[in-house]
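Structure first, commentary second.
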Amino acid sequence: MAHKKVLIIGGGVAGLSAALELEQLGIGVDLVEKTGFLGGHAIQYACKATDQCVKCGACVVEEKLKAVSGNPDIRVFLNSQIINMAKTDGRSAITLRCQPTYIDPHKCTDCGQCYIQCPGEGAIEQGFSSNNHPLYALYADKCLHFTEQNCHICEDICPEKAIHLNMQSDEHIREADAIIVAIGFKAFDPVDKPYGWQVFDNVITNLELERILRRQSDAIRPSDGQIARRIAFIQCVGSRDATLNHLWCSKVCCGSALRMARVIKARHPESDISFFYMDVQNFGKDFEIFYAAVQDDVRMVRSLPGDIYPTSDDCLRVICFDQHERQSVEQVSDLVVLSVGIKPGSDFGELTDTLKLKSELTGFFSVSQPEQGIFTTGAATGPMAIDDAIASAGQAVWQTVQYLKI
Ligand SMILES: Cc1cc2nc3c(=O)[nH]c(=O)nc-3n(C[C@H](O)[C@H](O)[C@H](O)COP(=O)(O)OP(=O)(O)OC[C@H]3O[C@@H](n4cnc5c(N)ncnc54)[C@H](O)[C@@H]3O)c2cc1C
Ligand code: SF4
Ligand code: SF4
Ligand code: SF4
């Protein structure tokens with residue numbers, strides 16, 4: 001059995017989960033991740049427990065990341081992408097292009113000096129989990145050493161001499177008996193919606209709020225670093241939107257936003273939180289109990305705002321028509337959170353061509369193509385929550401095992 005090998009594309013929770021299950025079955029695994037970190041979107045999420053766990057799934061992702069990171073039988077390729085696939089006698093020869101990581105993991109101690117002193121915006125990113133080592137990733141397209149040829153601060157100041165800016169990209173050919181595609185999703189970009197994202201500092205997305213809560217525990221306003229007391233969540237931004245031809249529901253945003261609202265309220269009971277929505281999606285088996293409880297904490301407004309205006313004191317005025325109460329509602333908030341939806345991943349088209357895959361009209365991958373030994377899983381197949389992504393990875397592994405006849 002050990003001679004069988006599977007290559008997994010995408011190191012989010014679905015890819016991590018599939019890698020662990022395959023490894024436990026004695027199947028060799030190559031895990032290819034295009035960024036400098038494993039964990040995908042969900043490793044950026046905060047725990048939303050109040051007085052009890054609300055089953056958001058964030059800690060499960062952390063556990064899987066830890067298990068993969070310490071596993072010598074799962075070979076991880078970071079900063080890497082598939083550029084070609086050729087098939088002979090049922091085996092695939094897959095060409096990977098691996099961009100340099102620049103930071104030597106054997107020397108780096110995660111001290112963070114490079115990140116703190118780097119003058120290039122976004123050139124060095126800090127990861128969200130200490131189970132990702134190094135905790136920092138250097139991206140050449142934003143690094144002044146490569147874009148302006150005038151910086152090598154990090155290389156000079158690193159106390160461990162762990163940074164090597166002269167590292168070159170590499171190509172590897174890896175053989176595999178089957179491929180699992182777990183490239184996940186892309187969050188909807190709300191720049192074209194009339195809500196002032198990237199115009200007003202204190203209009204952020206749900207993904208940005210997840211990151212803020214993960215790093216800082218409180219809902220901090222980007223404009224002044226103060227804790228936001230009045231918060232408006234606007235649902236379905238980029239989902240169920242006929243003007244964009246995005247007719248699907250993103251399924252996870254209602255649950256995610258309401259859990260964030262509750263944890264904020266639990267930490268700061270004086271918070272004033274409004275939730276503007278079309279209708280609330282059921283998100284799990286304890287949904288009804290959770291939903292009944294949340295209504296004590298959050299003002300539910302069944303309407304989506306038209307526009308958002310700035311006020312003279314650096315706040316935001318949200319105006320909409322409340323269908324239920326049949327009246328206009330005006331709300332002044334310190335922070336507006338746009339619950340952006342889930343879209344097909346940005347590499348969807350390229351990967352479809354490279355692997356010769358079929359896709360659905362929505363742009364998500366169809367369930368799997370077993371005749372070719374290619375199986376798709378996780379949010380690459382459509383919007384889903386963490387537990388569903390893990391279940392879907394289990395299904396892809398089961399299909400892979402059937403295909404490999406082991
Ligand atoms: C704002 C928000 C909040 C959410 N909150 C919750 C929550 O509280 N609870 C919950 O259960 N679910 C939540 N979800 C859903 C959750 O994010 C997904 O279920 C989960 O991330 C799906 O995991 P995945 O591995 O399929 O995809 P992803 O997390 O998107 O991971 C895909 C990985 O593949 C990599 N990749 C992409 N293209 C390539 C390529 N060409 N080559 C190599 N690697 C590639 C990406 O870099 C990424 O690491 C939320 C979603 C959003 C948008
Ligand atoms: S991360 Fe989510 S699932 Fe885990 S303890 Fe916290 S609330 Fe519960
Ligand atoms: S300065 Fe060096 S040791 Fe410190 S985090 Fe950066 S690469 Fe690692
Ligand atoms: S070379 Fe300069 S810009 Fe590039 S990562 Fe290092 S410190 Fe940042």
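Ligands are numbered from 1 in the order shown, residues from 1 within each chain, and chains are lettered A, B, ... in the order they appear in the structure tokens.
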
Nearby polymer residues, ligand 4, at most 12 Å, only C-alpha atoms and all ligand atoms, as an NGL selection string: :A and (101-103 or 112-126 or 136-158 or 162-166)

Hey, could you make a per-residue contact list for chain A against ligand 2 with 9 Å as the cut-off, showing the nearest pair of atoms and its distance in Å to one decimal, counting only C-alpha atoms and all ligand atoms, sorted by chain and number, as a Markdown table?
| residue | atom | partner | partner_atom_place_in_ligand_line | distance |
| --- | --- | --- | --- | --- |
| A:Tyr45 | CA | ligand 2 | 1 (S) | 8.1 |
| A:Ala46 | CA | ligand 2 | 1 (S) | 6.5 |
| A:Cys47 | CA | ligand 2 | 1 (S) | 3.6 |
| A:Lys48 | CA | ligand 2 | 7 (S) | 4.3 |
| A:Ala49 | CA | ligand 2 | 7 (S) | 3.7 |
| A:Thr50 | CA | ligand 2 | 7 (S) | 7.5 |
| A:Gln52 | CA | ligand 2 | 7 (S) | 7.3 |
| A:Cys53 | CA | ligand 2 | 8 (Fe) | 3.7 |
| A:Val54 | CA | ligand 2 | 7 (S) | 4.4 |
| A:Lys55 | CA | ligand 2 | 3 (S) | 3.6 |
| A:Cys56 | CA | ligand 2 | 2 (Fe) | 3.8 |
| A:Gly57 | CA | ligand 2 | 3 (S) | 4.1 |
| A:Ala58 | CA | ligand 2 | 1 (S) | 4.2 |
| A:Cys59 | CA | ligand 2 | 1 (S) | 4.2 |
| A:Val60 | CA | ligand 2 | 4 (Fe) | 6.5 |
| A:Val61 | CA | ligand 2 | 1 (S) | 8.8 |
| A:Glu62 | CA | ligand 2 | 1 (S) | 8.9 |
| A:Arg259 | CA | ligand 2 | 7 (S) | 8.5 |

With N, CA and C atoms kept, could you save the residues just selected as an mmCIF file, in the first residue's frame?
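As a result, out.cif now contains:
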data_model
loop_
_atom_site.group_PDB
_atom_site.id
_atom_site.type_symbol
_atom_site.label_atom_id
_atom_site.label_comp_id
_atom_site.auth_asym_id
_atom_site.auth_seq_id
_atom_site.Cartn_x
_atom_site.Cartn_y
_atom_site.Cartn_z
ATOM 1 N N TYR A 45 -9.473 32.483 11.648
ATOM 2 C CA TYR A 45 -10.677 32.787 12.419
ATOM 3 C C TYR A 45 -10.443 32.681 13.925
ATOM 4 N N ALA A 46 -11.180 33.523 14.640
ATOM 5 C CA ALA A 46 -11.075 33.553 16.109
ATOM 6 C C ALA A 46 -12.013 32.526 16.739
ATOM 7 N N CYS A 47 -11.691 32.110 17.940
ATOM 8 C CA CYS A 47 -12.616 31.300 18.740
ATOM 9 C C CYS A 47 -13.777 32.217 19.163
ATOM 10 N N LYS A 48 -15.018 31.747 18.958
ATOM 11 C CA LYS A 48 -16.174 32.594 19.315
ATOM 12 C C LYS A 48 -16.918 32.069 20.529
ATOM 13 N N ALA A 49 -16.230 31.293 21.356
ATOM 14 C CA ALA A 49 -16.889 30.785 22.564
ATOM 15 C C ALA A 49 -17.267 31.958 23.462
ATOM 16 N N THR A 50 -18.464 31.884 24.069
ATOM 17 C CA THR A 50 -18.870 32.882 25.070
ATOM 18 C C THR A 50 -18.684 32.192 26.426
ATOM 19 N N GLN A 52 -19.766 29.279 26.693
ATOM 20 C CA GLN A 52 -19.569 27.895 26.226
ATOM 21 C C GLN A 52 -19.169 27.894 24.761
ATOM 22 N N CYS A 53 -18.659 26.764 24.319
ATOM 23 C CA CYS A 53 -18.240 26.611 22.923
ATOM 24 C C CYS A 53 -19.457 26.753 22.006
ATOM 25 N N VAL A 54 -19.319 27.507 20.905
ATOM 26 C CA VAL A 54 -20.444 27.644 19.969
ATOM 27 C C VAL A 54 -20.195 26.847 18.689
ATOM 28 N N LYS A 55 -19.229 25.950 18.724
ATOM 29 C CA LYS A 55 -18.966 25.022 17.618
ATOM 30 C C LYS A 55 -18.680 25.745 16.298
ATOM 31 N N CYS A 56 -17.829 26.757 16.362
ATOM 32 C CA CYS A 56 -17.494 27.477 15.124
ATOM 33 C C CYS A 56 -16.480 26.698 14.293
ATOM 34 N N GLY A 57 -15.728 25.804 14.910
ATOM 35 C CA GLY A 57 -14.809 24.936 14.164
ATOM 36 C C GLY A 57 -13.379 25.452 14.057
ATOM 37 N N ALA A 58 -13.124 26.676 14.510
ATOM 38 C CA ALA A 58 -11.786 27.265 14.324
ATOM 39 C C ALA A 58 -10.688 26.423 14.975
ATOM 40 N N CYS A 59 -10.960 25.914 16.169
ATOM 41 C CA CYS A 59 -9.897 25.156 16.870
ATOM 42 C C CYS A 59 -9.612 23.817 16.199
ATOM 43 N N VAL A 60 -10.593 23.304 15.466
ATOM 44 C CA VAL A 60 -10.384 22.020 14.772
ATOM 45 C C VAL A 60 -9.347 22.209 13.659
ATOM 46 N N VAL A 61 -9.397 23.361 13.027
ATOM 47 C CA VAL A 61 -8.440 23.660 11.951
ATOM 48 C C VAL A 61 -7.022 23.723 12.539
ATOM 49 N N GLU A 62 -6.936 24.353 13.709
ATOM 50 C CA GLU A 62 -5.644 24.469 14.392
ATOM 51 C C GLU A 62 -5.080 23.075 14.706
ATOM 52 N N ARG A 259 -22.198 34.665 15.329
ATOM 53 C CA ARG A 259 -21.282 34.197 16.389
ATOM 54 C C ARG A 259 -20.319 35.316 16.776
#

Who sits within 10 Å of stretch 84-98 of chain A, only C-alpha atoms, same chain under 2 positions skipped, as a PyMOL selection string: chain A and resi 4-7+32-34+77-82+100-101+168-179+351+353-356+372-373

Selected residues written out, N, CA, C and O atoms, as a short mmCIF file (atom, residue, chain, number, x, y, z; two decimals), in the first residue's frame:
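The resulting part18.cif:
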data_model
loop_
_atom_site.label_atom_id
_atom_site.label_comp_id
_atom_site.auth_asym_id
_atom_site.auth_seq_id
_atom_site.Cartn_x
_atom_site.Cartn_y
_atom_site.Cartn_z
N LYS A 4 1.66 3.67 -3.03
CA LYS A 4 0.68 4.57 -3.66
C LYS A 4 0.90 5.99 -3.16
O LYS A 4 1.22 6.21 -2.00
N LYS A 5 0.70 6.93 -4.09
CA LYS A 5 0.92 8.34 -3.72
C LYS A 5 -0.19 9.23 -4.22
O LYS A 5 -0.68 9.06 -5.33
N VAL A 6 -0.58 10.17 -3.38
CA VAL A 6 -1.63 11.13 -3.77
C VAL A 6 -1.09 12.54 -3.61
O VAL A 6 -0.40 12.84 -2.63
N LEU A 7 -1.38 13.36 -4.61
CA LEU A 7 -0.97 14.76 -4.52
C LEU A 7 -2.22 15.59 -4.22
O LEU A 7 -3.25 15.44 -4.89
N VAL A 32 0.43 20.50 -1.75
CA VAL A 32 0.94 21.67 -2.47
C VAL A 32 0.10 22.90 -2.10
O VAL A 32 -1.11 22.90 -2.32
N GLU A 33 0.74 23.92 -1.55
CA GLU A 33 0.02 25.13 -1.10
C GLU A 33 0.65 26.34 -1.77
O GLU A 33 1.86 26.51 -1.75
N LYS A 34 -0.19 27.18 -2.35
CA LYS A 34 0.39 28.29 -3.12
C LYS A 34 0.89 29.46 -2.27
O LYS A 34 1.70 30.25 -2.72
N PHE A 77 4.78 21.38 0.14
CA PHE A 77 5.43 22.34 -0.76
C PHE A 77 4.70 23.67 -0.60
O PHE A 77 3.57 23.83 -1.07
N LEU A 78 5.34 24.63 0.06
CA LEU A 78 4.73 25.96 0.21
C LEU A 78 5.11 26.82 -0.98
O LEU A 78 6.05 26.50 -1.72
N ASN A 79 4.39 27.93 -1.17
CA ASN A 79 4.66 28.87 -2.26
C ASN A 79 4.71 28.16 -3.61
O ASN A 79 5.48 28.52 -4.49
N SER A 80 3.90 27.11 -3.77
CA SER A 80 4.05 26.26 -4.94
C SER A 80 2.74 26.08 -5.70
O SER A 80 1.66 26.11 -5.11
N GLN A 81 2.86 25.90 -7.00
CA GLN A 81 1.68 25.69 -7.84
C GLN A 81 1.94 24.64 -8.91
O GLN A 81 3.10 24.45 -9.33
N ILE A 82 0.86 24.03 -9.37
CA ILE A 82 0.95 23.03 -10.45
C ILE A 82 1.03 23.77 -11.77
O ILE A 82 0.18 24.61 -12.06
N PRO A 100 10.73 30.65 -4.21
CA PRO A 100 11.56 30.57 -3.01
C PRO A 100 10.81 31.07 -1.78
O PRO A 100 10.01 32.00 -1.88
N THR A 101 11.10 30.46 -0.63
CA THR A 101 10.49 30.94 0.62
C THR A 101 11.39 32.01 1.26
O THR A 101 10.93 32.78 2.10
N GLN A 168 16.53 30.96 -5.47
CA GLN A 168 15.90 30.93 -6.79
C GLN A 168 14.67 30.02 -6.77
O GLN A 168 14.58 29.10 -5.97
N SER A 169 13.74 30.29 -7.71
CA SER A 169 12.59 29.38 -7.81
C SER A 169 13.05 28.05 -8.42
O SER A 169 14.12 27.97 -9.02
N ASP A 170 12.22 27.06 -8.24
CA ASP A 170 12.62 25.70 -8.55
C ASP A 170 11.47 24.98 -9.24
O ASP A 170 10.31 25.33 -8.99
N GLU A 171 11.74 23.99 -10.05
CA GLU A 171 10.65 23.15 -10.57
C GLU A 171 10.89 21.71 -10.15
O GLU A 171 12.03 21.24 -10.17
N HIS A 172 9.82 21.03 -9.74
CA HIS A 172 9.93 19.62 -9.34
C HIS A 172 8.91 18.84 -10.14
O HIS A 172 7.80 19.31 -10.35
N ILE A 173 9.27 17.61 -10.53
CA ILE A 173 8.24 16.72 -11.09
C ILE A 173 7.92 15.69 -10.02
O ILE A 173 8.80 15.01 -9.51
N ARG A 174 6.64 15.62 -9.65
CA ARG A 174 6.20 14.68 -8.62
C ARG A 174 5.25 13.68 -9.26
O ARG A 174 4.38 14.06 -10.06
N GLU A 175 5.39 12.43 -8.92
CA GLU A 175 4.50 11.41 -9.47
C GLU A 175 3.38 11.14 -8.48
O GLU A 175 3.61 11.16 -7.26
N ALA A 176 2.18 10.88 -9.00
CA ALA A 176 1.05 10.58 -8.11
C ALA A 176 0.09 9.62 -8.79
O ALA A 176 -0.07 9.66 -10.02
N ASP A 177 -0.56 8.77 -7.98
CA ASP A 177 -1.55 7.84 -8.52
C ASP A 177 -2.93 8.47 -8.57
O ASP A 177 -3.81 7.99 -9.28
N ALA A 178 -3.13 9.52 -7.79
CA ALA A 178 -4.41 10.25 -7.80
C ALA A 178 -4.15 11.67 -7.30
O ALA A 178 -3.11 11.95 -6.68
N ILE A 179 -5.11 12.53 -7.63
CA ILE A 179 -4.97 13.95 -7.24
C ILE A 179 -6.24 14.39 -6.52
O ILE A 179 -7.35 14.05 -6.95
N LEU A 351 -6.42 26.03 -13.35
CA LEU A 351 -6.32 24.65 -12.89
C LEU A 351 -7.25 23.73 -13.68
O LEU A 351 -6.93 22.57 -13.96
N ASP A 353 -7.91 24.04 -16.77
CA ASP A 353 -7.19 23.73 -18.02
C ASP A 353 -6.06 22.74 -17.77
O ASP A 353 -5.91 21.76 -18.50
N THR A 354 -5.23 23.01 -16.75
CA THR A 354 -4.06 22.15 -16.50
C THR A 354 -4.47 20.71 -16.22
O THR A 354 -3.86 19.77 -16.70
N LEU A 355 -5.55 20.56 -15.41
CA LEU A 355 -5.95 19.19 -15.04
C LEU A 355 -7.07 18.65 -15.94
O LEU A 355 -7.53 17.53 -15.75
N LYS A 356 -7.49 19.49 -16.89
CA LYS A 356 -8.57 19.11 -17.84
C LYS A 356 -9.83 18.68 -17.09
O LYS A 356 -10.37 17.59 -17.25
N GLN A 372 -10.58 9.78 -14.09
CA GLN A 372 -9.21 10.29 -14.27
C GLN A 372 -8.40 10.27 -12.98
O GLN A 372 -7.26 10.74 -12.95
N GLY A 373 -8.99 9.78 -11.90
CA GLY A 373 -8.28 9.76 -10.62
C GLY A 373 -8.13 11.15 -10.03
O GLY A 373 -7.17 11.43 -9.31
#

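Closest to ligand 3 among A:Ser223, A:Ser339, A:Ser359, A:Thr109 is A:Thr109, based on only C-alpha atoms and all ligand atoms.
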
Filtered DSSP result for stretch 151-382 of chain A, state strand (DSSP E or B), as an MDAnalysis selection string: chainID A and resid 163 170:176 178:181 185:187 197 200 203:205 220 227 230:237 241 246 272:276 298:301 307:310 316:322 327:333 335:340 342:344 359 365 368:369 374:376

Residue contacts of stretch 321-332 of chain A (10 Å, only C-alpha atoms) excluding same-chain residues fewer than 4 positions away, as a list in words: Arg230, Ile231, Ala232, Ser274, Phe276, Met278, Met300, Val301, Arg302, Ser303, Leu304, Pro305, Gly306, Ile308, Tyr309, Pro310, Thr311, Cys315, Leu316, Arg317 and Val336 of chain A

Requested write-out: N, CA, C and O atoms of the selected residues, as an mmCIF file, in the first residue's frame:
data_model
loop_
_atom_site.group_PDB
_atom_site.id
_atom_site.type_symbol
_atom_site.label_atom_id
_atom_site.label_comp_id
_atom_site.auth_asym_id
_atom_site.auth_seq_id
_atom_site.Cartn_x
_atom_site.Cartn_y
_atom_site.Cartn_z
ATOM 1 N N ARG A 230 -20.636 50.525 18.632
ATOM 2 C CA ARG A 230 -21.851 50.377 17.809
ATOM 3 C C ARG A 230 -21.427 49.719 16.501
ATOM 4 O O ARG A 230 -20.614 50.289 15.747
ATOM 5 N N ILE A 231 -21.964 48.539 16.244
ATOM 6 C CA ILE A 231 -21.507 47.775 15.075
ATOM 7 C C ILE A 231 -22.717 47.366 14.228
ATOM 8 O O ILE A 231 -23.729 46.900 14.773
ATOM 9 N N ALA A 232 -22.608 47.554 12.907
ATOM 10 C CA ALA A 232 -23.665 47.098 11.996
ATOM 11 C C ALA A 232 -23.105 45.998 11.105
ATOM 12 O O ALA A 232 -22.075 46.187 10.461
ATOM 13 N N SER A 274 -26.318 45.769 15.375
ATOM 14 C CA SER A 274 -27.453 45.572 14.467
ATOM 15 C C SER A 274 -27.058 44.589 13.380
ATOM 16 O O SER A 274 -25.899 44.537 12.967
ATOM 17 N N PHE A 276 -28.331 43.510 9.629
ATOM 18 C CA PHE A 276 -29.204 43.786 8.484
ATOM 19 C C PHE A 276 -29.173 42.550 7.575
ATOM 20 O O PHE A 276 -28.090 42.156 7.117
ATOM 21 N N MET A 278 -31.523 39.526 4.776
ATOM 22 C CA MET A 278 -32.692 39.168 3.956
ATOM 23 C C MET A 278 -33.497 38.079 4.654
ATOM 24 O O MET A 278 -34.666 38.152 4.846
ATOM 25 N N MET A 300 -32.206 42.796 15.144
ATOM 26 C CA MET A 300 -32.335 42.174 13.828
ATOM 27 C C MET A 300 -33.188 43.082 12.937
ATOM 28 O O MET A 300 -34.324 43.400 13.286
ATOM 29 N N VAL A 301 -32.652 43.504 11.793
ATOM 30 C CA VAL A 301 -33.381 44.390 10.884
ATOM 31 C C VAL A 301 -33.509 43.684 9.539
ATOM 32 O O VAL A 301 -32.510 43.444 8.852
ATOM 33 N N ARG A 302 -34.756 43.339 9.182
ATOM 34 C CA ARG A 302 -34.938 42.559 7.956
ATOM 35 C C ARG A 302 -34.966 43.468 6.735
ATOM 36 O O ARG A 302 -36.006 43.725 6.138
ATOM 37 N N SER A 303 -33.804 43.950 6.369
ATOM 38 C CA SER A 303 -33.668 44.820 5.199
ATOM 39 C C SER A 303 -32.191 45.033 4.924
ATOM 40 O O SER A 303 -31.384 45.016 5.857
ATOM 41 N N LEU A 304 -31.841 45.211 3.655
ATOM 42 C CA LEU A 304 -30.437 45.493 3.345
ATOM 43 C C LEU A 304 -30.286 46.974 3.033
ATOM 44 O O LEU A 304 -31.071 47.530 2.248
ATOM 45 N N PRO A 305 -29.319 47.659 3.628
ATOM 46 C CA PRO A 305 -29.140 49.104 3.397
ATOM 47 C C PRO A 305 -28.817 49.421 1.940
ATOM 48 O O PRO A 305 -28.256 48.577 1.223
ATOM 49 N N GLY A 306 -29.190 50.626 1.527
ATOM 50 C CA GLY A 306 -28.850 51.079 0.168
ATOM 51 C C GLY A 306 -27.450 51.660 0.153
ATOM 52 O O GLY A 306 -26.576 51.187 -0.561
ATOM 53 N N ILE A 308 -24.164 53.920 2.501
ATOM 54 C CA ILE A 308 -23.580 54.262 3.801
ATOM 55 C C ILE A 308 -22.909 55.626 3.663
ATOM 56 O O ILE A 308 -22.207 55.863 2.670
ATOM 57 N N TYR A 309 -23.133 56.499 4.635
ATOM 58 C CA TYR A 309 -22.547 57.843 4.572
ATOM 59 C C TYR A 309 -21.649 58.080 5.785
ATOM 60 O O TYR A 309 -21.952 57.603 6.873
ATOM 61 N N PRO A 310 -20.580 58.860 5.598
ATOM 62 C CA PRO A 310 -19.739 59.182 6.762
ATOM 63 C C PRO A 310 -20.398 60.288 7.579
ATOM 64 O O PRO A 310 -21.111 61.132 7.031
ATOM 65 N N THR A 311 -20.166 60.316 8.883
ATOM 66 C CA THR A 311 -20.634 61.427 9.713
ATOM 67 C C THR A 311 -19.417 62.308 10.033
ATOM 68 O O THR A 311 -18.272 61.887 9.819
ATOM 69 N N CYS A 315 -17.846 58.492 12.120
ATOM 70 C CA CYS A 315 -18.695 57.306 12.231
ATOM 71 C C CYS A 315 -19.403 57.088 10.890
ATOM 72 O O CYS A 315 -19.121 57.791 9.917
ATOM 73 N N LEU A 316 -20.324 56.141 10.850
ATOM 74 C CA LEU A 316 -20.965 55.787 9.580
ATOM 75 C C LEU A 316 -22.476 55.727 9.762
ATOM 76 O O LEU A 316 -22.955 55.130 10.738
ATOM 77 N N ARG A 317 -23.204 56.344 8.814
ATOM 78 C CA ARG A 317 -24.665 56.357 8.889
ATOM 79 C C ARG A 317 -25.200 55.318 7.897
ATOM 80 O O ARG A 317 -24.930 55.394 6.702
ATOM 81 N N VAL A 336 -18.772 49.171 10.418
ATOM 82 C CA VAL A 336 -19.718 48.432 9.576
ATOM 83 C C VAL A 336 -18.989 47.202 9.031
ATOM 84 O O VAL A 336 -17.876 47.307 8.522
#

Within-7 Å residues of ligand 1, basis only C-alpha atoms and all ligand atoms, as an NGL selection string: :A and (9-15 or 32-35 or 38-42 or 45 or 56-58 or 80-82 or 182-187 or 206-207 or 210 or 252-253 or 255-256 or 339-342 or 345-347 or 351 or 377-380 or 384-389)

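For the residues A:Gly28, A:Gly127, A:Pro134, A:Pro383, ranking by smallest atom-to-atom distance to ligand 3 using only C-alpha atoms and all ligand atoms places A:Pro134 first.
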
Counting only C-alpha atoms and all ligand atoms, the residue of A:Ser130, A:Thr400, A:Ser366, A:Thr243 that sits nearest ligand 3: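 For ligand 3, the nearest of the given residues is A:Ser130.
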